[in-house]
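What's in model_39.cif: mmCIF, C-alpha atoms and all ligand atoms
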data_target
loop_
_atom_site.label_atom_id
_atom_site.label_comp_id
_atom_site.auth_asym_id
_atom_site.auth_seq_id
_atom_site.Cartn_x
_atom_site.Cartn_y
_atom_site.Cartn_z
CA MET A 1 -0.96 14.36 26.41
CA SER A 2 2.62 14.39 25.24
CA SER A 3 3.51 16.30 22.12
CA GLU A 4 4.25 12.93 20.55
CA SER A 5 0.67 11.90 20.95
CA THR A 6 -0.98 14.88 19.39
CA GLU A 7 1.73 16.18 17.12
CA PRO A 8 1.59 13.59 14.38
CA VAL A 9 -2.17 13.64 14.09
CA GLU A 10 -2.33 17.39 14.22
CA ASN A 11 0.48 17.67 11.75
CA ALA A 12 -0.88 14.97 9.53
CA ALA A 13 -2.82 17.74 8.03
CA ASP A 14 -0.86 20.82 8.88
CA ASN A 15 -0.23 21.46 5.25
CA GLU A 16 -3.99 21.69 4.90
CA LYS A 17 -3.96 25.25 3.67
CA ARG A 18 -1.23 24.69 1.11
CA PRO A 19 -2.22 24.32 -2.47
CA GLN A 20 -1.30 21.28 -4.56
CA PHE A 21 2.28 20.22 -3.98
CA GLY A 22 5.07 21.32 -6.20
CA THR A 23 4.25 24.98 -6.28
CA ARG A 24 6.97 26.58 -4.16
CA LEU A 25 10.58 25.53 -4.62
CA LEU A 26 13.51 26.60 -2.48
CA THR A 27 16.32 27.46 -4.88
CA ASP A 28 18.45 29.58 -2.58
CA ASP A 29 19.03 28.45 1.03
CA ALA A 30 19.20 32.06 2.09
CA ASP A 31 15.47 32.37 1.35
CA VAL A 32 14.41 29.56 3.67
CA TYR A 33 12.74 31.77 6.28
CA LYS A 34 10.87 33.84 3.71
CA HIS A 35 7.92 31.41 3.56
CA ASN A 36 6.26 28.91 5.88
CA ALA A 37 6.73 25.90 3.61
CA TRP A 38 8.72 24.68 0.62
CA ASP A 39 7.82 21.86 -1.75
CA HIS A 40 9.89 19.04 -3.24
CA VAL A 41 12.81 19.47 -0.90
CA GLU A 42 15.83 17.37 -1.82
CA TRP A 43 17.50 15.48 1.03
CA ASP A 44 21.28 15.25 0.85
CA THR A 45 23.24 12.20 2.05
CA GLU A 46 24.05 13.84 5.36
CA GLN A 47 20.40 14.47 6.12
CA GLU A 48 19.39 10.95 5.07
CA GLU A 49 22.09 9.50 7.33
CA ALA A 50 21.04 11.68 10.25
CA ALA A 51 17.45 10.44 9.80
CA GLN A 52 18.61 6.82 9.66
CA ALA A 53 20.63 7.33 12.82
CA ALA A 54 17.68 8.91 14.66
CA VAL A 55 15.45 5.98 13.70
CA ALA A 56 18.10 3.41 14.64
CA LYS A 57 18.35 5.13 18.02
CA ASN A 58 14.62 5.27 18.73
CA SER A 59 13.88 1.75 17.55
CA THR A 60 16.70 -0.33 19.04
CA ILE A 61 14.58 -1.13 22.09
CA LYS A 62 11.25 -2.72 21.15
CA MET A 63 8.21 -2.89 23.42
CA SER A 64 7.46 -6.24 25.01
CA SER A 65 4.93 -8.53 23.36
CA ASP A 66 2.52 -7.95 26.29
CA GLN A 67 2.60 -4.19 25.83
CA ARG A 68 2.26 -4.63 22.12
CA GLU A 69 -0.73 -6.92 22.51
CA ARG A 70 -2.43 -4.34 24.70
CA PHE A 71 -1.99 -1.46 22.23
CA GLN A 72 -3.27 -3.62 19.40
CA SER A 73 -6.25 -5.20 21.14
CA GLU A 74 -7.35 -1.93 22.72
CA ALA A 75 -6.71 0.26 19.68
CA PRO A 76 -10.37 1.41 19.29
CA LYS A 77 -10.38 2.47 22.93
CA PHE A 78 -7.26 4.61 22.46
CA TRP A 79 -8.78 6.30 19.41
CA ASP A 80 -12.04 6.85 21.31
CA SER A 81 -10.04 8.65 24.00
CA PHE A 82 -8.24 10.65 21.34
CA TYR A 83 -11.57 11.87 19.97
CA GLY A 84 -12.84 12.47 23.51
CA ILE A 85 -9.88 14.63 24.46
CA HIS A 86 -9.30 16.74 21.42
CA ASP A 87 -12.67 18.52 21.28
CA ASN A 88 -12.83 20.21 17.93
CA ARG A 89 -9.15 20.26 17.11
CA PHE A 90 -9.32 17.20 14.90
CA PHE A 91 -11.46 19.06 12.37
CA LYS A 92 -9.26 20.11 9.49
CA ASP A 93 -9.84 22.67 6.82
CA ARG A 94 -8.50 20.54 3.97
CA HIS A 95 -8.04 22.88 1.06
CA TRP A 96 -5.86 20.31 -0.67
CA LEU A 97 -8.49 17.59 -0.75
CA PHE A 98 -10.10 18.38 -4.09
CA THR A 99 -6.92 19.64 -5.75
CA GLU A 100 -4.91 16.55 -4.87
CA PHE A 101 -7.86 14.26 -5.42
CA PRO A 102 -10.06 15.80 -8.13
CA GLU A 103 -11.83 12.42 -8.25
CA LEU A 104 -13.46 13.39 -4.94
CA ALA A 105 -14.45 16.86 -6.13
CA PRO A 106 -18.12 17.59 -6.75
CA MET A 107 -19.37 16.74 -10.21
CA SER A 108 -21.91 18.96 -11.86
CA ASN A 109 -25.22 17.25 -12.46
CA ASN A 110 -24.64 17.12 -16.20
CA GLU A 111 -21.22 15.49 -15.66
CA GLN A 112 -22.79 12.82 -13.50
CA SER A 113 -24.88 10.53 -15.60
CA GLU A 114 -24.37 7.40 -13.50
CA PRO A 115 -24.73 6.93 -9.75
CA ARG A 116 -21.38 6.98 -7.97
CA SER A 117 -20.31 5.66 -4.63
CA ILE A 118 -17.40 6.64 -2.37
CA PHE A 119 -16.32 4.67 0.72
CA GLU A 120 -13.90 6.07 3.28
CA LEU A 121 -12.10 3.68 5.61
CA GLY A 122 -11.12 5.18 8.96
CA CYS A 123 -13.18 8.28 8.24
CA GLY A 124 -12.70 9.68 11.75
CA VAL A 125 -14.93 12.70 12.30
CA GLY A 126 -15.45 13.32 8.59
CA ASN A 127 -12.61 15.52 7.34
CA THR A 128 -13.14 14.02 3.90
CA ILE A 129 -16.80 13.02 4.00
CA LEU A 130 -18.15 16.35 5.24
CA PRO A 131 -16.58 18.54 2.53
CA ILE A 132 -17.75 16.08 -0.13
CA LEU A 133 -21.33 16.30 1.17
CA GLN A 134 -21.10 20.03 1.64
CA TYR A 135 -19.91 20.90 -1.86
CA SER A 136 -21.54 18.22 -3.96
CA THR A 137 -25.04 18.63 -5.31
CA GLU A 138 -24.96 15.25 -7.07
CA SER A 139 -28.23 13.56 -6.36
CA GLN A 140 -26.89 10.17 -7.40
CA LEU A 141 -23.90 10.24 -5.06
CA LYS A 142 -23.67 7.84 -2.13
CA VAL A 143 -20.97 8.33 0.49
CA TYR A 144 -20.12 5.65 3.04
CA GLY A 145 -17.69 5.88 5.91
CA CYS A 146 -16.49 3.58 8.64
CA ASP A 147 -14.24 3.88 11.64
CA PHE A 148 -13.60 1.55 14.55
CA SER A 149 -13.90 4.46 16.97
CA ALA A 150 -17.56 4.64 17.97
CA ARG A 151 -16.85 8.07 19.41
CA ALA A 152 -15.59 9.40 16.05
CA ILE A 153 -18.70 8.09 14.30
CA GLU A 154 -20.93 9.67 16.95
CA ILE A 155 -19.21 13.06 16.53
CA LEU A 156 -19.50 12.79 12.76
CA ARG A 157 -23.21 12.00 12.94
CA SER A 158 -23.78 15.03 15.15
CA GLN A 159 -22.39 17.50 12.59
CA PRO A 160 -24.97 19.71 10.85
CA GLN A 161 -23.65 18.86 7.35
CA PHE A 162 -24.19 15.22 8.12
CA ALA A 163 -27.98 15.48 7.81
CA ASP A 164 -27.83 14.12 4.32
CA LYS A 165 -29.54 11.02 3.08
CA ARG A 166 -26.71 10.45 0.61
CA CYS A 167 -24.44 9.40 3.49
CA GLU A 168 -24.18 6.34 5.71
CA VAL A 169 -21.50 5.83 8.34
CA PHE A 170 -20.91 2.90 10.66
CA VAL A 171 -18.52 1.43 13.19
CA MET A 172 -16.30 -1.28 11.72
CA ASP A 173 -12.78 -2.55 12.27
CA ALA A 174 -11.11 -2.46 8.87
CA THR A 175 -8.84 -5.36 9.84
CA LEU A 176 -11.77 -7.79 10.01
CA GLU A 177 -11.23 -10.60 7.56
CA LYS A 178 -14.83 -10.30 6.38
CA TRP A 179 -16.11 -6.75 6.24
CA ASN A 180 -19.61 -6.13 7.44
CA VAL A 181 -20.65 -3.34 5.07
CA PRO A 182 -23.96 -2.09 3.65
CA PHE A 183 -22.89 -2.56 0.02
CA ASP A 184 -21.83 -5.36 -2.28
CA GLU A 185 -18.43 -6.49 -3.46
CA ASN A 186 -17.35 -4.79 -6.71
CA SER A 187 -19.58 -1.82 -5.95
CA GLN A 188 -17.46 1.20 -4.95
CA ASP A 189 -16.19 3.75 -7.47
CA ILE A 190 -13.68 5.13 -4.98
CA ILE A 191 -12.24 3.92 -1.68
CA VAL A 192 -10.38 6.53 0.36
CA MET A 193 -7.76 5.99 3.09
CA ILE A 194 -6.23 9.14 4.52
CA PHE A 195 -3.76 8.65 7.40
CA VAL A 196 -5.42 5.32 8.26
CA LEU A 197 -3.28 2.41 7.06
CA SER A 198 -0.45 3.80 9.21
CA ALA A 199 -2.62 3.26 12.30
CA ILE A 200 -2.99 -0.45 11.55
CA GLU A 201 -0.51 -3.12 12.63
CA PRO A 202 1.72 -4.02 9.68
CA SER A 203 0.79 -7.72 9.63
CA LYS A 204 -2.84 -6.76 8.93
CA MET A 205 -2.26 -4.12 6.26
CA GLN A 206 -2.24 -6.49 3.30
CA GLY A 207 -5.60 -7.97 4.32
CA VAL A 208 -7.14 -4.49 4.51
CA LEU A 209 -5.90 -3.68 1.02
CA GLU A 210 -7.18 -7.02 -0.32
CA ASN A 211 -10.64 -6.10 0.99
CA CYS A 212 -10.41 -2.69 -0.67
CA TYR A 213 -9.75 -4.49 -3.93
CA ARG A 214 -12.72 -6.79 -3.32
CA TYR A 215 -15.19 -3.94 -2.76
CA LEU A 216 -13.95 -1.64 -5.53
CA LYS A 217 -15.83 -1.73 -8.80
CA PRO A 218 -13.77 -2.92 -11.76
CA GLY A 219 -12.27 0.39 -12.91
CA GLY A 220 -12.64 1.84 -9.38
CA LEU A 221 -9.91 3.86 -7.66
CA LEU A 222 -8.16 3.49 -4.29
CA ILE A 223 -7.04 6.89 -3.01
CA PHE A 224 -4.41 7.01 -0.27
CA ARG A 225 -2.36 9.55 1.66
CA ASP A 226 -0.21 8.74 4.68
CA TYR A 227 3.09 9.17 6.54
CA GLY A 228 6.38 8.54 4.73
CA ARG A 229 9.61 7.08 6.14
CA TYR A 230 11.70 9.60 8.11
CA ASP A 231 8.91 12.10 8.49
CA LEU A 232 9.62 14.47 11.36
CA ALA A 233 7.00 12.67 13.45
CA GLN A 234 9.04 9.45 13.18
CA LEU A 235 12.33 11.10 14.04
CA ARG A 236 10.81 12.74 17.11
CA PHE A 237 9.85 9.47 18.83
CA LYS A 238 11.78 8.77 21.98
CA SER A 239 13.33 5.38 22.65
CA GLY A 240 10.91 2.87 24.20
CA LYS A 241 7.98 3.72 21.91
CA CYS A 242 8.80 1.34 19.09
CA LEU A 243 6.58 -1.72 18.56
CA GLU A 244 8.43 -3.01 15.51
CA ASP A 245 10.60 -1.40 12.86
CA ASN A 246 9.00 1.88 11.72
CA PHE A 247 5.89 1.26 13.85
CA TYR A 248 5.45 3.24 17.07
CA VAL A 249 3.01 4.06 19.85
CA ARG A 250 2.25 7.67 20.58
CA GLY A 251 1.84 8.96 24.13
CA ASP A 252 -1.95 8.56 23.84
CA GLY A 253 -1.71 4.88 22.85
CA THR A 254 -2.51 5.33 19.14
CA MET A 255 -0.11 3.59 16.77
CA VAL A 256 1.61 4.87 13.65
CA TYR A 257 3.67 3.37 10.83
CA PHE A 258 5.95 5.22 8.40
CA PHE A 259 5.95 3.85 4.83
CA THR A 260 8.44 3.75 2.01
CA GLU A 261 7.11 4.02 -1.51
CA GLN A 262 8.47 0.53 -2.33
CA GLU A 263 6.52 -1.04 0.51
CA LEU A 264 3.30 0.58 -0.58
CA ARG A 265 3.89 -0.21 -4.21
CA SER A 266 4.47 -3.87 -3.47
CA MET A 267 1.48 -4.25 -1.10
CA LEU A 268 -0.89 -2.49 -3.47
CA ALA A 269 0.37 -4.29 -6.56
CA LYS A 270 -0.02 -7.64 -4.78
CA THR A 271 -3.77 -7.04 -4.51
CA GLY A 272 -4.04 -6.68 -8.30
CA LEU A 273 -4.49 -2.91 -8.24
CA VAL A 274 -2.66 -0.95 -10.91
CA GLU A 275 -0.55 2.11 -10.10
CA GLU A 276 -1.64 5.48 -11.47
CA GLN A 277 0.15 7.73 -9.02
CA LEU A 278 2.72 7.27 -6.26
CA ILE A 279 4.21 10.50 -4.99
CA VAL A 280 6.55 11.08 -2.08
CA ASP A 281 5.76 14.57 -0.90
CA ARG A 282 8.84 15.96 0.85
CA ARG A 283 8.08 19.32 2.32
CA LEU A 284 10.07 21.68 4.47
CA GLN A 285 7.91 23.52 6.97
CA VAL A 286 9.43 26.53 8.63
CA ASN A 287 8.69 28.14 11.94
CA ARG A 288 9.91 31.57 11.04
CA GLY A 289 9.57 33.00 14.55
CA ARG A 290 11.74 30.26 16.07
CA CYS A 291 13.91 29.66 12.99
CA LEU A 292 12.96 25.99 13.04
CA LYS A 293 13.07 23.72 10.00
CA MET A 294 10.73 20.72 9.97
CA TYR A 295 11.08 18.12 7.26
CA ARG A 296 7.81 16.35 6.50
CA VAL A 297 7.37 13.28 4.34
CA TRP A 298 4.00 12.11 3.09
CA ILE A 299 3.09 9.52 0.49
CA GLN A 300 0.16 9.83 -1.83
CA THR A 301 -1.07 7.11 -4.15
CA LYS A 302 -3.83 6.33 -6.59
CA PHE A 303 -4.25 2.70 -7.65
CA ARG A 304 -6.99 1.40 -9.94
CA LYS A 305 -8.76 -1.93 -10.10
CA PRO A 306 -8.51 -3.29 -13.62
CA LEU A 307 -11.70 -3.54 -15.65
CA LEU A 308 -11.06 -7.20 -16.27
CA SER A 309 -9.97 -9.47 -13.42
CA PRO A 310 -6.66 -11.22 -14.05
C1 LIG A 401 -5.08 9.70 11.88
S1 LIG A 401 -6.80 9.36 12.00
C2 LIG A 401 -7.36 9.89 10.40
C3 LIG A 401 -8.84 10.11 10.34
C4 LIG A 401 -9.36 10.60 9.00
N1 LIG A 401 -9.07 9.68 7.93
C5 LIG A 401 -8.77 11.96 8.70
O1 LIG A 401 -7.97 12.04 7.77
O2 LIG A 401 -9.13 12.93 9.38
C6 LIG A 401 -6.86 7.57 11.86
C7 LIG A 401 -8.26 7.05 11.94
O3 LIG A 401 -8.25 5.66 11.63
C8 LIG A 401 -9.12 4.99 12.51
N2 LIG A 401 -8.69 3.60 12.54
C9 LIG A 401 -7.49 3.12 12.96
N3 LIG A 401 -7.44 1.78 12.85
C10 LIG A 401 -8.65 1.41 12.34
C11 LIG A 401 -9.22 0.15 12.00
N4 LIG A 401 -8.55 -0.99 12.19
N5 LIG A 401 -10.48 0.12 11.50
C12 LIG A 401 -11.17 1.27 11.33
N6 LIG A 401 -10.69 2.49 11.64
C13 LIG A 401 -9.44 2.56 12.14
C14 LIG A 401 -8.98 5.75 13.81
O4 LIG A 401 -10.06 5.56 14.69
C15 LIG A 401 -8.89 7.18 13.31
O5 LIG A 401 -10.15 7.76 13.19
#
Just dump the structure as structure tokens.
Amino acid sequence: MSSESTEPVENAADNEKRPQFGTRLLTDDADVYKHNAWDHVEWDTEQEEAAQAAVAKNSTIKMSSDQRERFQSEAPKFWDSFYGIHDNRFFKDRHWLFTEFPELAPMSNNEQSEPRSIFELGCGVGNTILPILQYSTESQLKVYGCDFSARAIEILRSQPQFADKRCEVFVMDATLEKWNVPFDENSQDIIVMIFVLSAIEPSKMQGVLENCYRYLKPGGLLIFRDYGRYDLAQLRFKSGKCLEDNFYVRGDGTMVYFFTEQELRSMLAKTGLVEEQLIVDRRLQVNRGRCLKMYRVWIQTKFRKPLLSP
């Protein structure tokens, strides 16, 4: 496996142990190697231009339509192999999950008067679902998860915390026009997508979001975190890996897109969802031993379905 193939997925969550963003600011450049990570890093024009140049360089040559067709049609197979190869390394200790998304945090039984239902698209091996099940004692909670990798779903089902009748997971391709799900339209309190939309070909993203809207309850929340434009993982791609602008294939055949906040805002707003949060998380990670600076960009959003349909 090339570093390209594993690096982005591994690093998708390599800020897992960091608390909520915005807590450590670099005010004096001389301090940069004093900590492993800095929040809210400002990019100057020079850095922005260098990133643009790196992307222009790695995306001038696009893959042929045949190659592209293969990566798209065989996408579940590539993710199956990913989950076959990586053993346990795709399990993340996501300390940020409940601080960034308190909506997913366990409710005490007296807080929870109504049943609530959470659906995770592209749940993988359960980095979100398992902590929810583990920490929540809510008897009226129902957690659903789907992924198009049958291997991921099999690994998830084999985890000890999974033995919970509050949870149901299944294999489904989120890009299907009509979802085949064990719940009704307008039924989910929360739909979660964490590093998933980026794995889907851009022409199908809007349809996925439209379906999220359809299955959310009026008043329900879509929670999203994913790669931002000019993240280190994008800049590191070599020429010849680009499928279309800002959309690449890793060495293991999995695909990844890098979003701007405007793109996400416009796709989400088009569904009828209403913005509550849209944060670009620019973080500087530091390898102090090797004096390396790594600029990460993630986007986090929360969009709500209005109580009354337009
Ligand atoms: C980067 S992983 C993230 C997994 C999980 N959300 C997490 O945060 O650990 C992307 C996941 O999306 C799944 N995926 C990609 N395209 C999908 C699609 N069209 N339908 C369902 N799942 C998909 C992959 O199989 C993989 O498990």
field: Exercise answer, 8 Å around ligand LIG 401 (chain A) with all atoms listed in the file, as a ChimeraX atom specification
entry: /A:9,12-13,75-76,79-80,90-92,120-128,146-149,152,171-176,193-200
Selected residues written out with C-alpha atoms, as a CSV table (one decimal), in the coordinates of the input:
chain,number,residue,atom,x,y,z
A,9,VAL,CA,-2.2,13.6,14.1
A,12,ALA,CA,-0.9,15.0,9.5
A,13,ALA,CA,-2.8,17.7,8.0
A,75,ALA,CA,-6.7,0.3,19.7
A,76,PRO,CA,-10.4,1.4,19.3
A,79,TRP,CA,-8.8,6.3,19.4
A,80,ASP,CA,-12.0,6.8,21.3
A,90,PHE,CA,-9.3,17.2,14.9
A,91,PHE,CA,-11.5,19.1,12.4
A,92,LYS,CA,-9.3,20.1,9.5
A,120,GLU,CA,-13.9,6.1,3.3
A,121,LEU,CA,-12.1,3.7,5.6
A,122,GLY,CA,-11.1,5.2,9.0
A,123,CYS,CA,-13.2,8.3,8.2
A,124,GLY,CA,-12.7,9.7,11.8
A,125,VAL,CA,-14.9,12.7,12.3
A,126,GLY,CA,-15.4,13.3,8.6
A,127,ASN,CA,-12.6,15.5,7.3
A,128,THR,CA,-13.1,14.0,3.9
A,146,CYS,CA,-16.5,3.6,8.6
A,147,ASP,CA,-14.2,3.9,11.6
A,148,PHE,CA,-13.6,1.6,14.6
A,149,SER,CA,-13.9,4.5,17.0
A,152,ALA,CA,-15.6,9.4,16.0
A,171,VAL,CA,-18.5,1.4,13.2
A,172,MET,CA,-16.3,-1.3,11.7
A,173,ASP,CA,-12.8,-2.6,12.3
A,174,ALA,CA,-11.1,-2.5,8.9
A,175,THR,CA,-8.8,-5.4,9.8
A,176,LEU,CA,-11.8,-7.8,10.0
A,193,MET,CA,-7.8,6.0,3.1
A,194,ILE,CA,-6.2,9.1,4.5
A,195,PHE,CA,-3.8,8.6,7.4
A,196,VAL,CA,-5.4,5.3,8.3
A,197,LEU,CA,-3.3,2.4,7.1
A,198,SER,CA,-0.4,3.8,9.2
A,199,ALA,CA,-2.6,3.3,12.3
A,200,ILE,CA,-3.0,-0.4,11.6
message: Calculated over only C-alpha atoms, which of the candidates A:Ser73, A:Thr27, A:Gln140, A:Gln52 has the smallest distance to Ser113 (chain A)?
response: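 Result for the nearest residue to Ser113 (chain A): A:Gln140.
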message: Rounded to one decimal, what separation in Å do you get between CA of Arg304 (chain A) and CA of Ile118 (chain A)?
response: 13.9 Å
- request: Could you tell me which of A:Asn287, A:Gln72, A:Gln277, A:Ser203 comes closest to Val249 (chain A) if we count all atoms listed in the file?
  value: A:Gln72
Test item: residues at most 12 Å from Phe101 (chain A), all atoms listed in the file, excluding those fewer than 3 positions along its chain, as a list in words: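 My list of contacting residues is Pro19, Gln20, Phe21, Arg94, His95, Trp96, Leu97, Phe98, Leu104, Ala105, Pro106, Thr128, Ile132, Ile190, Ile191, Val192, Met193, Ile194, Leu221, Leu222, Ile223, Phe224, Arg225, Gln277, Gln300, Thr301 and Lys302 of chain A.
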field: Residue among A:Glu244, A:Asp281, A:Asp93, A:Glu49 lying closest to Glu261 (chain A), counting only C-alpha atoms
entry: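 So, comparing all the options, the nearest one is A:Asp281.
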Can you list every residue of region 234-290 of chain A that has an atom at most 12 Å from region 32-44 of chain A, with its nearest atom pair and the distance in Å to one decimal, using only C-alpha atoms, ordered by chain then number, as a Markdown table?
| residue | atom | partner | partner_atom | distance |
| --- | --- | --- | --- | --- |
| A:Ile279 | CA | A:His40 | CA | 10.4 |
| A:Val280 | CA | A:His40 | CA | 8.7 |
| A:Asp281 | CA | A:His40 | CA | 6.5 |
| A:Arg282 | CA | A:His40 | CA | 5.2 |
| A:Arg283 | CA | A:Asp39 | CA | 4.8 |
| A:Leu284 | CA | A:Trp38 | CA | 5.1 |
| A:Gln285 | CA | A:Ala37 | CA | 4.3 |
| A:Val286 | CA | A:Asn36 | CA | 4.8 |
| A:Asn287 | CA | A:Asn36 | CA | 6.6 |
| A:Arg288 | CA | A:Tyr33 | CA | 5.5 |
| A:Gly289 | CA | A:Tyr33 | CA | 8.9 |
| A:Arg290 | CA | A:Tyr33 | CA | 10.0 |
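Considering the residues A:Ser266, A:Gln67, A:Gln47, A:Gln159 and counting only C-alpha atoms, Leu278 (chain A) has its shortest atom-to-atom contact with A:Ser266.
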task: Could you tell me how far CA of Val256 (chain A) lies from CA of Arg24 (chain A), in Å and to one decimal?
output: 28.6 Å
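With distances taken over all atoms listed in the file, A:Gly219 is the one residue among A:Tyr135, A:Glu263, A:Gly219, A:Phe247 lying closest to Glu276 (chain A).
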message: Using all atoms listed in the file, can you tell me which of A:Ala54, A:Ser65, A:Gln161, A:Glu154 comes closest to Tyr230 (chain A)?
response: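 Closest candidate: A:Ala54.
Rounded to one decimal, CA of Phe82 (chain A) and CA of Pro202 (chain A) lie 21.2 Å from each other.
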field: Distance query Leu308 (chain A) at most 12 Å, only C-alpha atoms, self and fewer than 3 positions along chain excluded, as a PyMOL selection string
entry: chain A and resi 186+217-220+272-274+304-305
Limited to C-alpha atoms, could you put the picked residues into a file as a PDB file, keeping the file's coordinate frame?
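Listed below is the output, again_2.pdb:
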ATOM      1  CA  ASN A 186     -17.350  -4.790  -6.710  1.00  0.00           C
ATOM      2  CA  LYS A 217     -15.830  -1.730  -8.800  1.00  0.00           C
ATOM      3  CA  PRO A 218     -13.770  -2.920 -11.760  1.00  0.00           C
ATOM      4  CA  GLY A 219     -12.270   0.390 -12.910  1.00  0.00           C
ATOM      5  CA  GLY A 220     -12.640   1.840  -9.380  1.00  0.00           C
ATOM      6  CA  GLY A 272      -4.040  -6.680  -8.300  1.00  0.00           C
ATOM      7  CA  LEU A 273      -4.490  -2.910  -8.240  1.00  0.00           C
ATOM      8  CA  VAL A 274      -2.660  -0.950 -10.910  1.00  0.00           C
ATOM      9  CA  ARG A 304      -6.990   1.400  -9.940  1.00  0.00           C
ATOM     10  CA  LYS A 305      -8.760  -1.930 -10.100  1.00  0.00           C
TER      11      LYS A 305
END
Reconstructed region 228-246 of chain A, atom set N, CA and C atoms, as a PDB file, keeping the file's coordinate frame:
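Output below, filename selection_38.pdb:
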ATOM      1  N   GLY A 228       5.240   9.151   5.398  1.00  0.00           N
ATOM      2  CA  GLY A 228       6.380   8.540   4.730  1.00  0.00           C
ATOM      3  C   GLY A 228       7.530   8.331   5.699  1.00  0.00           C
ATOM      4  N   ARG A 229       8.431   7.413   5.314  1.00  0.00           N
ATOM      5  CA  ARG A 229       9.610   7.080   6.140  1.00  0.00           C
ATOM      6  C   ARG A 229      10.461   8.335   6.390  1.00  0.00           C
ATOM      7  N   TYR A 230      10.866   8.497   7.637  1.00  0.00           N
ATOM      8  CA  TYR A 230      11.700   9.600   8.110  1.00  0.00           C
ATOM      9  C   TYR A 230      10.969  10.936   8.191  1.00  0.00           C
ATOM     10  N   ASP A 231       9.649  10.873   8.189  1.00  0.00           N
ATOM     11  CA  ASP A 231       8.910  12.100   8.490  1.00  0.00           C
ATOM     12  C   ASP A 231       9.344  12.579   9.881  1.00  0.00           C
ATOM     13  N   LEU A 232       9.267  13.876  10.063  1.00  0.00           N
ATOM     14  CA  LEU A 232       9.620  14.470  11.360  1.00  0.00           C
ATOM     15  C   LEU A 232       8.975  13.744  12.532  1.00  0.00           C
ATOM     16  N   ALA A 233       7.722  13.339  12.350  1.00  0.00           N
ATOM     17  CA  ALA A 233       7.000  12.670  13.450  1.00  0.00           C
ATOM     18  C   ALA A 233       7.698  11.372  13.835  1.00  0.00           C
ATOM     19  N   GLN A 234       8.316  10.687  12.868  1.00  0.00           N
ATOM     20  CA  GLN A 234       9.040   9.450  13.180  1.00  0.00           C
ATOM     21  C   GLN A 234      10.334   9.769  13.923  1.00  0.00           C
ATOM     22  N   LEU A 235      11.029  10.788  13.446  1.00  0.00           N
ATOM     23  CA  LEU A 235      12.330  11.100  14.040  1.00  0.00           C
ATOM     24  C   LEU A 235      12.183  11.613  15.477  1.00  0.00           C
ATOM     25  N   ARG A 236      11.010  12.166  15.774  1.00  0.00           N
ATOM     26  CA  ARG A 236      10.810  12.740  17.110  1.00  0.00           C
ATOM     27  C   ARG A 236      10.486  11.709  18.191  1.00  0.00           C
ATOM     28  N   PHE A 237      10.181  10.464  17.796  1.00  0.00           N
ATOM     29  CA  PHE A 237       9.850   9.470  18.830  1.00  0.00           C
ATOM     30  C   PHE A 237      11.054   9.238  19.735  1.00  0.00           C
ATOM     31  N   LYS A 238      10.727   9.082  21.009  1.00  0.00           N
ATOM     32  CA  LYS A 238      11.780   8.770  21.980  1.00  0.00           C
ATOM     33  C   LYS A 238      11.944   7.251  22.010  1.00  0.00           C
ATOM     34  N   SER A 239      13.093   6.805  22.496  1.00  0.00           N
ATOM     35  CA  SER A 239      13.330   5.380  22.650  1.00  0.00           C
ATOM     36  C   SER A 239      12.288   4.782  23.600  1.00  0.00           C
ATOM     37  N   GLY A 240      11.893   3.524  23.324  1.00  0.00           N
ATOM     38  CA  GLY A 240      10.910   2.870  24.200  1.00  0.00           C
ATOM     39  C   GLY A 240       9.499   2.919  23.650  1.00  0.00           C
ATOM     40  N   LYS A 241       9.316   3.573  22.502  1.00  0.00           N
ATOM     41  CA  LYS A 241       7.980   3.720  21.910  1.00  0.00           C
ATOM     42  C   LYS A 241       7.802   2.875  20.658  1.00  0.00           C
ATOM     43  N   CYS A 242       8.839   2.081  20.354  1.00  0.00           N
ATOM     44  CA  CYS A 242       8.800   1.340  19.090  1.00  0.00           C
ATOM     45  C   CYS A 242       8.210  -0.059  19.294  1.00  0.00           C
ATOM     46  N   LEU A 243       7.217  -0.396  18.490  1.00  0.00           N
ATOM     47  CA  LEU A 243       6.580  -1.720  18.560  1.00  0.00           C
ATOM     48  C   LEU A 243       7.313  -2.705  17.658  1.00  0.00           C
ATOM     49  N   GLU A 244       7.582  -2.257  16.443  1.00  0.00           N
ATOM     50  CA  GLU A 244       8.430  -3.010  15.510  1.00  0.00           C
ATOM     51  C   GLU A 244       9.014  -1.983  14.556  1.00  0.00           C
ATOM     52  N   ASP A 245       9.914  -2.390  13.681  1.00  0.00           N
ATOM     53  CA  ASP A 245      10.600  -1.400  12.860  1.00  0.00           C
ATOM     54  C   ASP A 245       9.603  -0.460  12.180  1.00  0.00           C
ATOM     55  N   ASN A 246       9.802   0.825  12.351  1.00  0.00           N
ATOM     56  CA  ASN A 246       9.000   1.880  11.720  1.00  0.00           C
ATOM     57  C   ASN A 246       7.549   1.946  12.195  1.00  0.00           C
TER      58      ASN A 246
END
